[in-house]
There are 2 protein chains.
Amino acid sequence: MTDQTQNAFRALADPTRRDILRMLSAQDMTIAQVSDRFDMTRAAVKKHLTVLSDGGLITVEARGRERINTLNPAGLAPVLNWLEYFDCFWDDRLDALKTAIEKDLQ
Amino acid sequence: MTDQTQNAFRALADPTRRDILRMLSAQDMTIAQVSDRFDMTRAAVKKHLTVLSDGGLITVEARGRERINTLNPAGLAPVLNWLEYFDCFWDDRLDALKTAIEKDLQ
DNA sequence: TTAATGAGATACCATATGGTATCATGTCAA
DNA sequence: TTGACATGATACCATATGGTATCTCATTAA
């Protein structure tokens with residue numbers, strides 16, 4: 001398996017990082033903008049962004065003295081690819097899965 | 001989101017645990033059987049199985065003095081549910097995603 | 001009954017992780 | 001030029017994590 005698979009799974013393992021991804025899905029943000037939404041220091045948020053970048057889930061682009069963080073949905077590919085391996089089980093137990101999803105949504 | 005979401009993502013974050021899930025997709029296994037396939041102690045494997053169980057990704061059933069570990073595909077539901085949030089981006093960038101998946105498969 | 005065996009429980013260790021504080025650097029604006 | 005500001009970098013801390021060793025318990029087989 002590629003290293004990206006591990007890096008992506010690791011990046012997704014933290015709830016703060018998953019929240020950041022959702023925020024970035026709405027709009028690109030600077031580090032300061034992301035930090036404003038969390039009760040932690042900018043340095044801590046910066047660390048999370050580095051992990052997300054290592055996982056290929058975001059891209060960072062310099063714009064003057066700012067750094068624009070952008071969601072990179074393609075970075076989820078290794079994760080989806082790994083999960084696809086279990087598709088055959090979902091065929092068998094699709095009903096149970098759907099029920100579980102609906103329950104989780106409640 | 002439910003606690004199961006966090007527990008499931010955390011369980012998937014370790015490569016050993018992902019390997020265990022793939023093994024269990026082929027057949028149910030006792031702790032000893034799983035341990036035989038890894039270069040680590042039974043106690044370490046047992047810890048991983050506990051994390052997988054906490055994440056709802058496997059079920060454990062006692063049979064005599066053995067414990068049968070079984071894959072629970074439905075436990076992936078919270079993960080899939082979370083990932084579904086990004087479906088709208090995949091619509092936009094489906095080609096890039098497919099390319100990324102194919103690249104990851106190589 | 002008595003070992004042998006599969007698993008659970010606990011203590012312990014090294015390192016990774018998530019966080020802070022602090023200082024340095026580059027860039028924008030007056 | 002000179003601050004002010006967004007970010008980078010480093011050192012440091014507490015706790016989580018992945019691992020081992022060891023002991024105990026329950027069950028199976030001789």
# chains A, B, ... in the order shown; residues from 1 in each chain; ligands from 1
$ closest_atom_pairs --of "chain D" --to "chain A" --cutoff "9 Å" --atoms "only C-alpha atoms (C1' of nucleotides)" --output "JSON lines"
{"residue": "D:DC5", "atom": "C1'", "partner": "A:Arg65", "partner_atom": "CA", "distance": 8.8}
{"residue": "D:DA6", "atom": "C1'", "partner": "A:Arg65", "partner_atom": "CA", "distance": 5.7}
{"residue": "D:DT7", "atom": "C1'", "partner": "A:Arg65", "partner_atom": "CA", "distance": 7.1}
$ interface_residues --of "chain C" --to "chain B" --cutoff "12 Å" --atoms "only C-alpha atoms (C1' of nucleotides)" --output "ChimeraX atom specification"
/C:5-10
$ atom_distance --atom1 "CA of Asn81 in chain B" --atom2 "CA of Thr70 in chain A"
22.0 Å
$ select_by_dssp --residues "range 27-68 of chain A" --states "alpha helix (DSSP H)" --output "ChimeraX atom specification"
/A:31-36,42-54
$ write_last_selection --atoms "N, CA and C atoms" --output "compact mmCIF listing (two decimals), in the first residue's frame"
# COMPACT_ATOMS: atom_id res chain seq x y z
N ILE A 31 -4.61 30.18 7.83
CA ILE A 31 -4.40 29.53 9.13
C ILE A 31 -5.11 30.32 10.22
N ALA A 32 -5.01 31.62 10.15
CA ALA A 32 -5.65 32.47 11.17
C ALA A 32 -7.15 32.26 11.18
N GLN A 33 -7.74 32.16 9.99
CA GLN A 33 -9.19 31.96 9.91
C GLN A 33 -9.61 30.63 10.53
N VAL A 34 -8.83 29.60 10.26
CA VAL A 34 -9.15 28.30 10.85
C VAL A 34 -8.99 28.36 12.37
N SER A 35 -7.91 29.00 12.83
CA SER A 35 -7.63 29.09 14.26
C SER A 35 -8.77 29.77 15.01
N ASP A 36 -9.36 30.78 14.35
CA ASP A 36 -10.42 31.54 15.00
C ASP A 36 -11.59 30.65 15.41
N ARG A 42 -2.88 29.05 17.49
CA ARG A 42 -2.62 28.97 16.06
C ARG A 42 -1.57 27.91 15.76
N ALA A 43 -0.60 27.76 16.65
CA ALA A 43 0.46 26.78 16.44
C ALA A 43 -0.12 25.37 16.40
N ALA A 44 -1.08 25.10 17.29
CA ALA A 44 -1.70 23.78 17.33
C ALA A 44 -2.47 23.52 16.04
N VAL A 45 -3.22 24.53 15.59
CA VAL A 45 -3.97 24.39 14.34
C VAL A 45 -3.01 24.17 13.17
N LYS A 46 -1.93 24.91 13.19
CA LYS A 46 -0.92 24.77 12.14
C LYS A 46 -0.42 23.32 12.06
N LYS A 47 -0.21 22.69 13.22
CA LYS A 47 0.24 21.30 13.25
C LYS A 47 -0.78 20.40 12.57
N HIS A 48 -2.06 20.63 12.90
CA HIS A 48 -3.12 19.82 12.28
C HIS A 48 -3.12 20.01 10.77
N LEU A 49 -2.93 21.25 10.33
CA LEU A 49 -2.92 21.52 8.89
C LEU A 49 -1.74 20.82 8.22
N THR A 50 -0.62 20.74 8.92
CA THR A 50 0.54 20.03 8.37
C THR A 50 0.22 18.55 8.19
N VAL A 51 -0.44 17.96 9.19
CA VAL A 51 -0.81 16.55 9.08
C VAL A 51 -1.79 16.34 7.93
N LEU A 52 -2.74 17.26 7.79
CA LEU A 52 -3.69 17.16 6.68
C LEU A 52 -2.98 17.29 5.34
N SER A 53 -2.00 18.17 5.29
CA SER A 53 -1.23 18.35 4.06
C SER A 53 -0.40 17.10 3.75
N ASP A 54 0.22 16.54 4.77
CA ASP A 54 0.99 15.29 4.59
C ASP A 54 0.08 14.17 4.08
$ atom_distance --atom1 "CA of Asp14 in chain A" --atom2 "CA of Leu71 in chain A"
16.3 Å
$ select_by_dssp --residues "range 4-99 of chain A" --states "strand (DSSP E)" --output "list of chain:residue names"
A:Met29, A:Thr30, A:Ile58, A:Thr59, A:Val60, A:Glu61, A:Ala62, A:Arg63, A:Glu66, A:Arg67, A:Ile68, A:Asn69, A:Thr70, A:Leu71
$ closest_residue --among "B:Leu83, B:Ala8, B:Cys88, B:Ala13" --to "chain A" --atoms "only C-alpha atoms"
B:Ala13
$ residues_around --residues "range 11-17 of chain C" --least-positions-apart "3" --cutoff "10 Å" --atoms "only C-alpha atoms (C1' of nucleotides)" --output "list in words"
DT15, DA16, DT17, DG18, DG19, DT20, DA21 and DT22 of chain D
$ atom_distance --atom1 "CA of Ile58 in chain B" --atom2 "CA of Ala74 in chain B"
9.2 Å
$ residues_around --residues "DA11 in chain D" --least-positions-apart "3" --cutoff "12 Å" --atoms "only C-alpha atoms (C1' of nucleotides)" --output "list in words"
DT20, DA21, DT22 and DC23 of chain C
$ closest_residue --among "B:Trp82, B:Gln4, B:Phe9, B:Thr41" --to "chain A" --atoms "only C-alpha atoms"
B:Phe9
$ decode --residues "range 77-92 of chain B" --atoms "all heavy atoms" --output "compact mmCIF listing (two decimals), in the first residue's frame"
# COMPACT_ATOMS: atom_id res chain seq x y z
N ALA B 77 -20.01 1.85 8.67
CA ALA B 77 -21.07 2.81 8.30
C ALA B 77 -20.77 4.24 8.73
O ALA B 77 -20.90 5.16 7.91
CB ALA B 77 -22.41 2.33 8.86
N PRO B 78 -20.37 4.48 10.00
CA PRO B 78 -20.09 5.87 10.38
C PRO B 78 -18.99 6.50 9.52
O PRO B 78 -19.06 7.69 9.20
CB PRO B 78 -19.63 5.74 11.83
CG PRO B 78 -20.23 4.47 12.32
CD PRO B 78 -20.25 3.55 11.13
N VAL B 79 -18.01 5.71 9.15
CA VAL B 79 -16.93 6.22 8.30
C VAL B 79 -17.47 6.60 6.93
O VAL B 79 -17.22 7.70 6.42
CB VAL B 79 -15.82 5.16 8.16
CG1 VAL B 79 -14.77 5.61 7.15
CG2 VAL B 79 -15.18 4.89 9.51
N LEU B 80 -18.23 5.68 6.34
CA LEU B 80 -18.80 5.95 5.01
C LEU B 80 -19.72 7.15 5.07
O LEU B 80 -19.73 7.99 4.18
CB LEU B 80 -19.57 4.72 4.53
CG LEU B 80 -18.70 3.50 4.24
CD1 LEU B 80 -19.57 2.30 3.94
CD2 LEU B 80 -17.75 3.78 3.10
N ASN B 81 -20.48 7.21 6.15
CA ASN B 81 -21.42 8.32 6.32
C ASN B 81 -20.67 9.65 6.35
O ASN B 81 -21.07 10.62 5.70
CB ASN B 81 -22.22 8.12 7.61
CG ASN B 81 -23.18 9.26 7.85
OD1 ASN B 81 -23.83 9.71 6.92
ND2 ASN B 81 -23.26 9.71 9.08
N TRP B 82 -19.58 9.68 7.09
CA TRP B 82 -18.79 10.90 7.17
C TRP B 82 -18.22 11.26 5.81
O TRP B 82 -18.25 12.42 5.38
CB TRP B 82 -17.67 10.76 8.20
CG TRP B 82 -16.97 12.05 8.47
CD1 TRP B 82 -17.31 12.99 9.41
CD2 TRP B 82 -15.84 12.57 7.77
NE1 TRP B 82 -16.45 14.05 9.33
CE2 TRP B 82 -15.54 13.82 8.34
CE3 TRP B 82 -15.06 12.10 6.73
CZ2 TRP B 82 -14.48 14.62 7.90
CZ3 TRP B 82 -14.01 12.89 6.27
CH2 TRP B 82 -13.73 14.12 6.85
N LEU B 83 -17.71 10.26 5.11
CA LEU B 83 -17.11 10.51 3.80
C LEU B 83 -18.15 10.97 2.78
O LEU B 83 -17.83 11.72 1.85
CB LEU B 83 -16.41 9.24 3.29
CG LEU B 83 -15.15 8.84 4.05
CD1 LEU B 83 -14.68 7.46 3.63
CD2 LEU B 83 -14.03 9.87 3.81
N GLU B 84 -19.38 10.52 2.96
CA GLU B 84 -20.44 10.89 2.02
C GLU B 84 -20.65 12.40 1.94
O GLU B 84 -21.10 12.92 0.92
CB GLU B 84 -21.76 10.22 2.42
CG GLU B 84 -22.00 8.89 1.73
CD GLU B 84 -23.24 8.20 2.26
OE1 GLU B 84 -24.03 8.86 2.98
OE2 GLU B 84 -23.41 7.02 1.96
N TYR B 85 -20.30 13.07 3.03
CA TYR B 85 -20.44 14.53 3.07
C TYR B 85 -19.70 15.18 1.91
O TYR B 85 -20.11 16.24 1.42
CB TYR B 85 -19.89 15.05 4.40
CG TYR B 85 -20.02 16.53 4.59
CD1 TYR B 85 -21.18 17.09 5.13
CD2 TYR B 85 -18.97 17.38 4.25
CE1 TYR B 85 -21.28 18.45 5.32
CE2 TYR B 85 -19.08 18.74 4.43
CZ TYR B 85 -20.23 19.27 4.97
OH TYR B 85 -20.34 20.62 5.15
N PHE B 86 -18.65 14.52 1.45
CA PHE B 86 -17.81 15.12 0.41
C PHE B 86 -18.20 14.67 -0.99
O PHE B 86 -17.50 14.97 -1.95
CB PHE B 86 -16.34 14.80 0.68
CG PHE B 86 -15.83 15.43 1.94
CD1 PHE B 86 -15.88 14.74 3.14
CD2 PHE B 86 -15.34 16.72 1.93
CE1 PHE B 86 -15.42 15.33 4.31
CE2 PHE B 86 -14.88 17.31 3.09
CZ PHE B 86 -14.92 16.61 4.29
N ASP B 87 -19.31 13.98 -1.07
CA ASP B 87 -19.77 13.49 -2.37
C ASP B 87 -19.90 14.61 -3.40
O ASP B 87 -19.55 14.46 -4.56
CB ASP B 87 -21.13 12.79 -2.22
CG ASP B 87 -20.93 11.32 -1.88
OD1 ASP B 87 -19.78 10.85 -1.89
OD2 ASP B 87 -21.93 10.66 -1.61
N CYS B 88 -20.40 15.76 -2.95
CA CYS B 88 -20.64 16.85 -3.88
C CYS B 88 -19.35 17.30 -4.55
O CYS B 88 -19.35 17.75 -5.70
CB CYS B 88 -21.30 18.03 -3.17
SG CYS B 88 -20.41 18.57 -1.70
N PHE B 89 -18.23 17.15 -3.84
CA PHE B 89 -16.95 17.53 -4.45
C PHE B 89 -16.51 16.49 -5.47
O PHE B 89 -15.87 16.81 -6.45
CB PHE B 89 -15.88 17.70 -3.37
CG PHE B 89 -16.15 18.86 -2.50
CD1 PHE B 89 -16.84 18.70 -1.30
CD2 PHE B 89 -15.76 20.13 -2.88
CE1 PHE B 89 -17.10 19.80 -0.50
CE2 PHE B 89 -16.02 21.22 -2.08
CZ PHE B 89 -16.70 21.06 -0.89
N TRP B 90 -16.86 15.25 -5.19
CA TRP B 90 -16.47 14.19 -6.10
C TRP B 90 -17.22 14.33 -7.42
O TRP B 90 -16.72 13.95 -8.47
CB TRP B 90 -16.72 12.82 -5.50
CG TRP B 90 -15.97 12.65 -4.21
CD1 TRP B 90 -14.87 13.36 -3.83
CD2 TRP B 90 -16.26 11.76 -3.15
NE1 TRP B 90 -14.45 12.95 -2.60
CE2 TRP B 90 -15.30 11.97 -2.15
CE3 TRP B 90 -17.24 10.80 -2.93
CZ2 TRP B 90 -15.29 11.25 -0.97
CZ3 TRP B 90 -17.22 10.08 -1.75
CH2 TRP B 90 -16.26 10.32 -0.78
N ASP B 91 -18.42 14.86 -7.34
CA ASP B 91 -19.14 15.11 -8.58
C ASP B 91 -18.35 16.06 -9.45
O ASP B 91 -18.12 15.83 -10.62
CB ASP B 91 -20.52 15.70 -8.27
CG ASP B 91 -21.42 14.67 -7.60
OD1 ASP B 91 -21.12 13.47 -7.72
OD2 ASP B 91 -22.40 15.06 -6.96
N ASP B 92 -17.90 17.16 -8.83
CA ASP B 92 -17.17 18.18 -9.57
C ASP B 92 -15.86 17.66 -10.12
O ASP B 92 -15.47 17.97 -11.24
CB ASP B 92 -16.87 19.39 -8.65
CG ASP B 92 -18.14 20.14 -8.30
OD1 ASP B 92 -19.21 19.72 -8.78
OD2 ASP B 92 -18.06 21.13 -7.56
